[in-house]
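Pasted below: my_file32.cif, mmCIF, C-alpha atoms, pLDDT in the B column; chains and numbers go by the auth columns.
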data_start
#
loop_
_atom_site.group_PDB
_atom_site.id
_atom_site.type_symbol
_atom_site.label_atom_id
_atom_site.label_comp_id
_atom_site.label_asym_id
_atom_site.label_seq_id
_atom_site.Cartn_x
_atom_site.Cartn_y
_atom_site.Cartn_z
_atom_site.B_iso_or_equiv
_atom_site.auth_seq_id
_atom_site.auth_asym_id
ATOM 1 C CA MET A 1 -14.856 -7.920 -2.186 50.00 228 H
ATOM 2 C CA VAL A 2 -14.465 -7.813 1.597 52.00 229 H
ATOM 3 C CA ASP A 3 -11.734 -10.502 1.360 73.00 230 H
ATOM 4 C CA GLU A 4 -9.877 -8.332 -1.163 72.00 231 H
ATOM 5 C CA SER A 5 -10.296 -5.311 1.106 70.00 232 H
ATOM 6 C CA LEU A 6 -8.916 -7.299 4.013 75.00 233 H
ATOM 7 C CA GLN A 7 -5.918 -8.451 1.946 79.00 234 H
ATOM 8 C CA PHE A 8 -5.354 -4.831 0.896 80.00 235 H
ATOM 9 C CA ALA A 9 -5.514 -3.608 4.500 80.00 236 H
ATOM 10 C CA LYS A 10 -3.143 -6.334 5.695 86.00 237 H
ATOM 11 C CA ALA A 11 -0.672 -5.463 2.944 87.00 238 H
ATOM 12 C CA LEU A 12 -0.693 -1.820 4.060 86.00 239 H
ATOM 13 C CA ALA A 13 -0.468 -2.653 7.768 89.00 240 H
ATOM 14 C CA ASP A 14 3.314 -3.026 7.707 93.00 241 H
ATOM 15 C CA GLY A 15 5.557 0.037 7.836 93.00 242 H
ATOM 16 C CA THR A 16 8.187 -1.502 5.567 95.00 243 H
ATOM 17 C CA ARG A 17 5.588 -2.268 2.896 94.00 244 H
ATOM 18 C CA GLN A 18 4.285 1.297 3.173 92.00 245 H
ATOM 19 C CA GLU A 19 7.786 2.625 2.570 95.00 246 H
ATOM 20 C CA ILE A 20 8.278 0.254 -0.375 96.00 247 H
ATOM 21 C CA LEU A 21 5.049 1.555 -1.938 93.00 248 H
ATOM 22 C CA ARG A 22 6.212 5.152 -1.441 93.00 249 H
ATOM 23 C CA GLN A 23 9.481 4.327 -3.183 95.00 250 H
ATOM 24 C CA LEU A 24 7.654 2.646 -6.082 96.00 251 H
ATOM 25 C CA CYS A 25 5.335 5.551 -6.777 94.00 252 H
ATOM 26 C CA CYS A 26 5.740 6.702 -10.383 93.00 253 H
ATOM 27 C CA ARG A 27 8.875 4.688 -11.132 95.00 254 H
ATOM 28 C CA TRP A 28 10.030 1.150 -11.818 97.00 255 H
ATOM 29 C CA LEU A 29 12.623 -0.368 -9.480 97.00 256 H
ATOM 30 C CA THR A 30 14.302 -3.738 -9.106 96.00 257 H
ATOM 31 C CA VAL A 31 14.638 -5.446 -5.729 96.00 258 H
ATOM 32 C CA ASN A 32 18.284 -4.380 -5.514 95.00 259 H
ATOM 33 C CA ALA A 33 17.424 -0.766 -6.353 95.00 260 H
ATOM 34 C CA LEU A 34 14.767 -0.849 -3.627 96.00 261 H
ATOM 35 C CA VAL A 35 17.285 -2.148 -1.100 96.00 262 H
ATOM 36 C CA LEU A 36 19.505 0.828 -1.978 95.00 263 H
ATOM 37 C CA THR A 37 16.660 3.351 -1.687 95.00 264 H
ATOM 38 C CA LEU A 38 15.814 1.894 1.723 94.00 265 H
ATOM 39 C CA GLU A 39 19.432 2.657 2.657 91.00 266 H
ATOM 40 C CA GLY A 40 20.227 -0.835 3.875 82.00 267 H
ATOM 41 C CA GLN A 41 17.508 -0.817 6.553 91.00 268 H
ATOM 42 C CA VAL A 42 15.993 -3.927 4.987 93.00 269 H
ATOM 43 C CA ARG A 43 17.910 -6.794 3.411 95.00 270 H
ATOM 44 C CA GLN A 44 17.193 -8.167 -0.060 95.00 271 H
ATOM 45 C CA PRO A 45 15.344 -11.343 1.046 95.00 272 H
ATOM 46 C CA THR A 46 13.034 -9.275 3.237 96.00 273 H
ATOM 47 C CA VAL A 47 12.318 -6.794 0.440 96.00 274 H
ATOM 48 C CA SER A 48 11.540 -9.718 -1.891 96.00 275 H
ATOM 49 C CA HIS A 49 9.146 -11.160 0.708 96.00 276 H
ATOM 50 C CA HIS A 50 7.323 -7.826 1.075 96.00 277 H
ATOM 51 C CA LEU A 51 7.116 -7.416 -2.699 96.00 278 H
ATOM 52 C CA ARG A 52 5.542 -10.863 -3.013 95.00 279 H
ATOM 53 C CA LEU A 53 2.840 -9.885 -0.497 93.00 280 H
ATOM 54 C CA LEU A 54 2.242 -6.583 -2.269 94.00 281 H
ATOM 55 C CA GLU A 55 2.043 -8.389 -5.611 94.00 282 H
ATOM 56 C CA GLU A 56 -0.491 -10.874 -4.199 91.00 283 H
ATOM 57 C CA ALA A 57 -2.597 -7.930 -2.995 89.00 284 H
ATOM 58 C CA GLY A 58 -2.358 -6.386 -6.470 90.00 285 H
ATOM 59 C CA LEU A 59 -0.639 -3.271 -5.142 92.00 286 H
ATOM 60 C CA VAL A 60 2.420 -3.511 -7.378 95.00 287 H
ATOM 61 C CA LEU A 61 2.784 -4.136 -11.070 96.00 288 H
ATOM 62 C CA VAL A 62 5.611 -6.414 -12.186 97.00 289 H
ATOM 63 C CA GLU A 63 7.607 -6.309 -15.385 96.00 290 H
ATOM 64 C CA GLN A 64 10.018 -9.111 -16.256 94.00 291 H
ATOM 65 C CA ARG A 65 13.148 -7.986 -18.085 89.00 292 H
ATOM 66 C CA GLY A 66 15.428 -10.909 -18.714 92.00 293 H
ATOM 67 C CA ARG A 67 16.271 -12.325 -15.314 91.00 294 H
ATOM 68 C CA GLN A 68 15.260 -9.181 -13.435 92.00 295 H
ATOM 69 C CA ARG A 69 11.849 -8.162 -12.257 96.00 296 H
ATOM 70 C CA ARG A 70 10.954 -4.514 -11.938 97.00 297 H
ATOM 71 C CA TYR A 71 8.146 -3.217 -9.749 97.00 298 H
ATOM 72 C CA THR A 72 5.993 -0.098 -9.618 96.00 299 H
ATOM 73 C CA LEU A 73 3.005 1.032 -7.581 93.00 300 H
ATOM 74 C CA ASN A 74 -0.332 -0.061 -9.024 92.00 301 H
ATOM 75 C CA GLN A 75 -2.022 3.314 -8.534 89.00 302 H
ATOM 76 C CA GLU A 76 -5.319 2.186 -10.032 88.00 303 H
ATOM 77 C CA ARG A 77 -5.607 -0.728 -7.602 85.00 304 H
ATOM 78 C CA LEU A 78 -4.663 1.484 -4.651 80.00 305 H
ATOM 79 C CA THR A 79 -7.392 3.952 -5.560 78.00 306 H
ATOM 80 C CA THR A 80 -9.975 1.214 -6.123 77.00 307 H
ATOM 81 C CA CYS A 81 -9.217 -0.507 -2.818 73.00 308 H
ATOM 82 C CA CYS A 82 -9.343 2.730 -0.837 72.00 309 H
ATOM 83 C CA GLY A 83 -12.727 3.480 -2.374 72.00 310 H
ATOM 84 C CA GLU A 84 -13.948 -0.037 -1.588 72.00 311 H
ATOM 85 C CA LEU A 85 -12.854 0.287 2.039 68.00 312 H
ATOM 86 C CA MET A 86 -14.821 3.531 2.293 73.00 313 H
ATOM 87 C CA ARG A 87 -17.885 1.911 0.724 73.00 314 H
ATOM 88 C CA VAL A 88 -17.771 -1.101 3.056 70.00 315 H
ATOM 89 C CA TYR A 89 -16.755 0.523 6.344 70.00 316 H
ATOM 90 C CA ALA A 90 -17.935 4.118 6.019 73.00 317 H
ATOM 91 C CA PRO A 91 -20.801 4.118 3.513 71.00 318 H
ATOM 92 C CA ASP A 92 -22.356 7.265 4.977 74.00 319 H
ATOM 93 C CA TYR A 93 -19.152 9.237 5.516 66.00 320 H
ATOM 94 C CA ARG A 94 -20.642 12.308 3.829 66.00 321 H
ATOM 95 C CA LEU A 95 -23.561 12.162 6.226 58.00 322 H
ATOM 96 C CA ALA A 96 -21.331 11.939 9.288 56.00 323 H
ATOM 97 C CA PRO A 97 -21.779 14.723 11.818 59.00 324 H
ATOM 98 C CA VAL A 98 -19.217 17.474 12.001 59.00 325 H
ATOM 99 C CA PRO A 99 -16.618 16.644 14.673 64.00 326 H
ATOM 100 C CA VAL A 100 -17.178 18.387 17.989 64.00 327 H
ATOM 101 C CA SER A 101 -14.274 20.131 19.699 66.00 328 H
ATOM 102 C CA ASP A 102 -13.278 19.307 23.282 65.00 329 H
ATOM 103 C CA GLU A 103 -14.581 22.697 24.466 65.00 330 H
ATOM 104 C CA GLU A 104 -17.996 22.065 22.894 57.00 331 H
ATOM 105 C CA ARG A 105 -18.164 18.636 24.579 55.00 332 H
ATOM 106 C CA GLU A 106 -17.423 20.156 27.970 64.00 333 H
ATOM 107 C CA GLU A 107 -20.179 22.771 27.474 60.00 334 H
ATOM 108 C CA ALA A 108 -22.759 20.085 26.602 55.00 335 H
#
Represent the supplied structure as structure tokens.
Amino acid sequence: MVDESLQFAKALADGTRQEILRQLCCRWLTVNALVLTLEGQVRQPTVSHHLRLLEEAGLVLVEQRGRQRRYTLNQERLTTCCGELMRVYAPDYRLAPVPVSDEEREEA
């Protein structure tokens, strides 16, 4: 599961992919529609490349309609992966001490 968590983290590490996921939340869009929502900041081949990486990480669902593919955020996978990252890297997060303010550090 660590390999899947790493793939998930790598997929989210890019700002363009983060924006694509935001745009795909709760709606289905084609590559061309995504290019329009990104207001021309990213060209179609680049959007397609990012979508392929997000698909490989399981972060988008794909629906084939004729010759067009539509994409949407895989919310279940996003939730599962975030939970897995917490389990692997911060298993005792509820037991973590309360953060100390700068003033309290200086007094100590």
Can you list what the PyMOL selection byres ((chain H and resi 301) around 6) grabs from this structure, as an mmCIF file with C-alpha atoms, in the coordinates of the input?
data_model
loop_
_atom_site.group_PDB
_atom_site.id
_atom_site.type_symbol
_atom_site.label_atom_id
_atom_site.label_comp_id
_atom_site.auth_asym_id
_atom_site.auth_seq_id
_atom_site.Cartn_x
_atom_site.Cartn_y
_atom_site.Cartn_z
ATOM 1 C CA LEU H 286 -0.639 -3.271 -5.142
ATOM 2 C CA VAL H 287 2.420 -3.511 -7.378
ATOM 3 C CA LEU H 288 2.784 -4.136 -11.070
ATOM 4 C CA LEU H 300 3.005 1.032 -7.581
ATOM 5 C CA GLN H 302 -2.022 3.314 -8.534
ATOM 6 C CA GLU H 303 -5.319 2.186 -10.032
ATOM 7 C CA ARG H 304 -5.607 -0.728 -7.602
#
Tell me which protein, DNA and RNA residues are within 12 Å of H:Ala260, counting all atoms listed in the file, leaving out same-chain ones fewer than 2 positions away, and put them as a compact mmCIF listing (two decimals) with C-alpha atoms, keeping the file's coordinate frame.
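Result written to part-v4.txt:
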# COMPACT_ATOMS: atom_id res chain seq x y z
CA ILE H 247 8.28 0.25 -0.38
CA GLN H 250 9.48 4.33 -3.18
CA LEU H 251 7.65 2.65 -6.08
CA ARG H 254 8.88 4.69 -11.13
CA TRP H 255 10.03 1.15 -11.82
CA LEU H 256 12.62 -0.37 -9.48
CA THR H 257 14.30 -3.74 -9.11
CA VAL H 258 14.64 -5.45 -5.73
CA VAL H 262 17.28 -2.15 -1.10
CA LEU H 263 19.50 0.83 -1.98
CA THR H 264 16.66 3.35 -1.69
CA LEU H 265 15.81 1.89 1.72
CA GLU H 266 19.43 2.66 2.66
CA GLY H 267 20.23 -0.84 3.88
CA VAL H 269 15.99 -3.93 4.99
CA ARG H 270 17.91 -6.79 3.41
CA GLN H 271 17.19 -8.17 -0.06
CA VAL H 274 12.32 -6.79 0.44
CA SER H 275 11.54 -9.72 -1.89
CA GLN H 295 15.26 -9.18 -13.44
CA ARG H 296 11.85 -8.16 -12.26
CA ARG H 297 10.95 -4.51 -11.94
CA TYR H 298 8.15 -3.22 -9.75
CA THR H 299 5.99 -0.10 -9.62
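With distances restricted to all atoms listed in the file, H:Glu231 is the closest residue to H:Cys309 from H:Asp241, H:Glu283, H:Glu231, H:Glu290.
Atom pair atom CA of H:Ala317 / atom CA of H:Leu239 has a distance of 18.3 Å (rounded to one decimal).
Here atom CA of H:Arg294 is placed at a distance of 28.0 Å from atom CA of H:Phe235.
Reported to one decimal place, the separation of atom CA of H:Leu248 from atom CA of H:Leu281 is 8.6 Å.
Distances from H:Leu261, H:Ala238, H:Met313, H:Cys252 to H:Glu282 were compared using all atoms listed in the file, and the smallest one belongs to H:Ala238.
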Which residue of H:Gln291, H:Gly285, H:His277, H:Leu233 approaches H:Val315 most closely, using only C-alpha atoms: H:Leu233
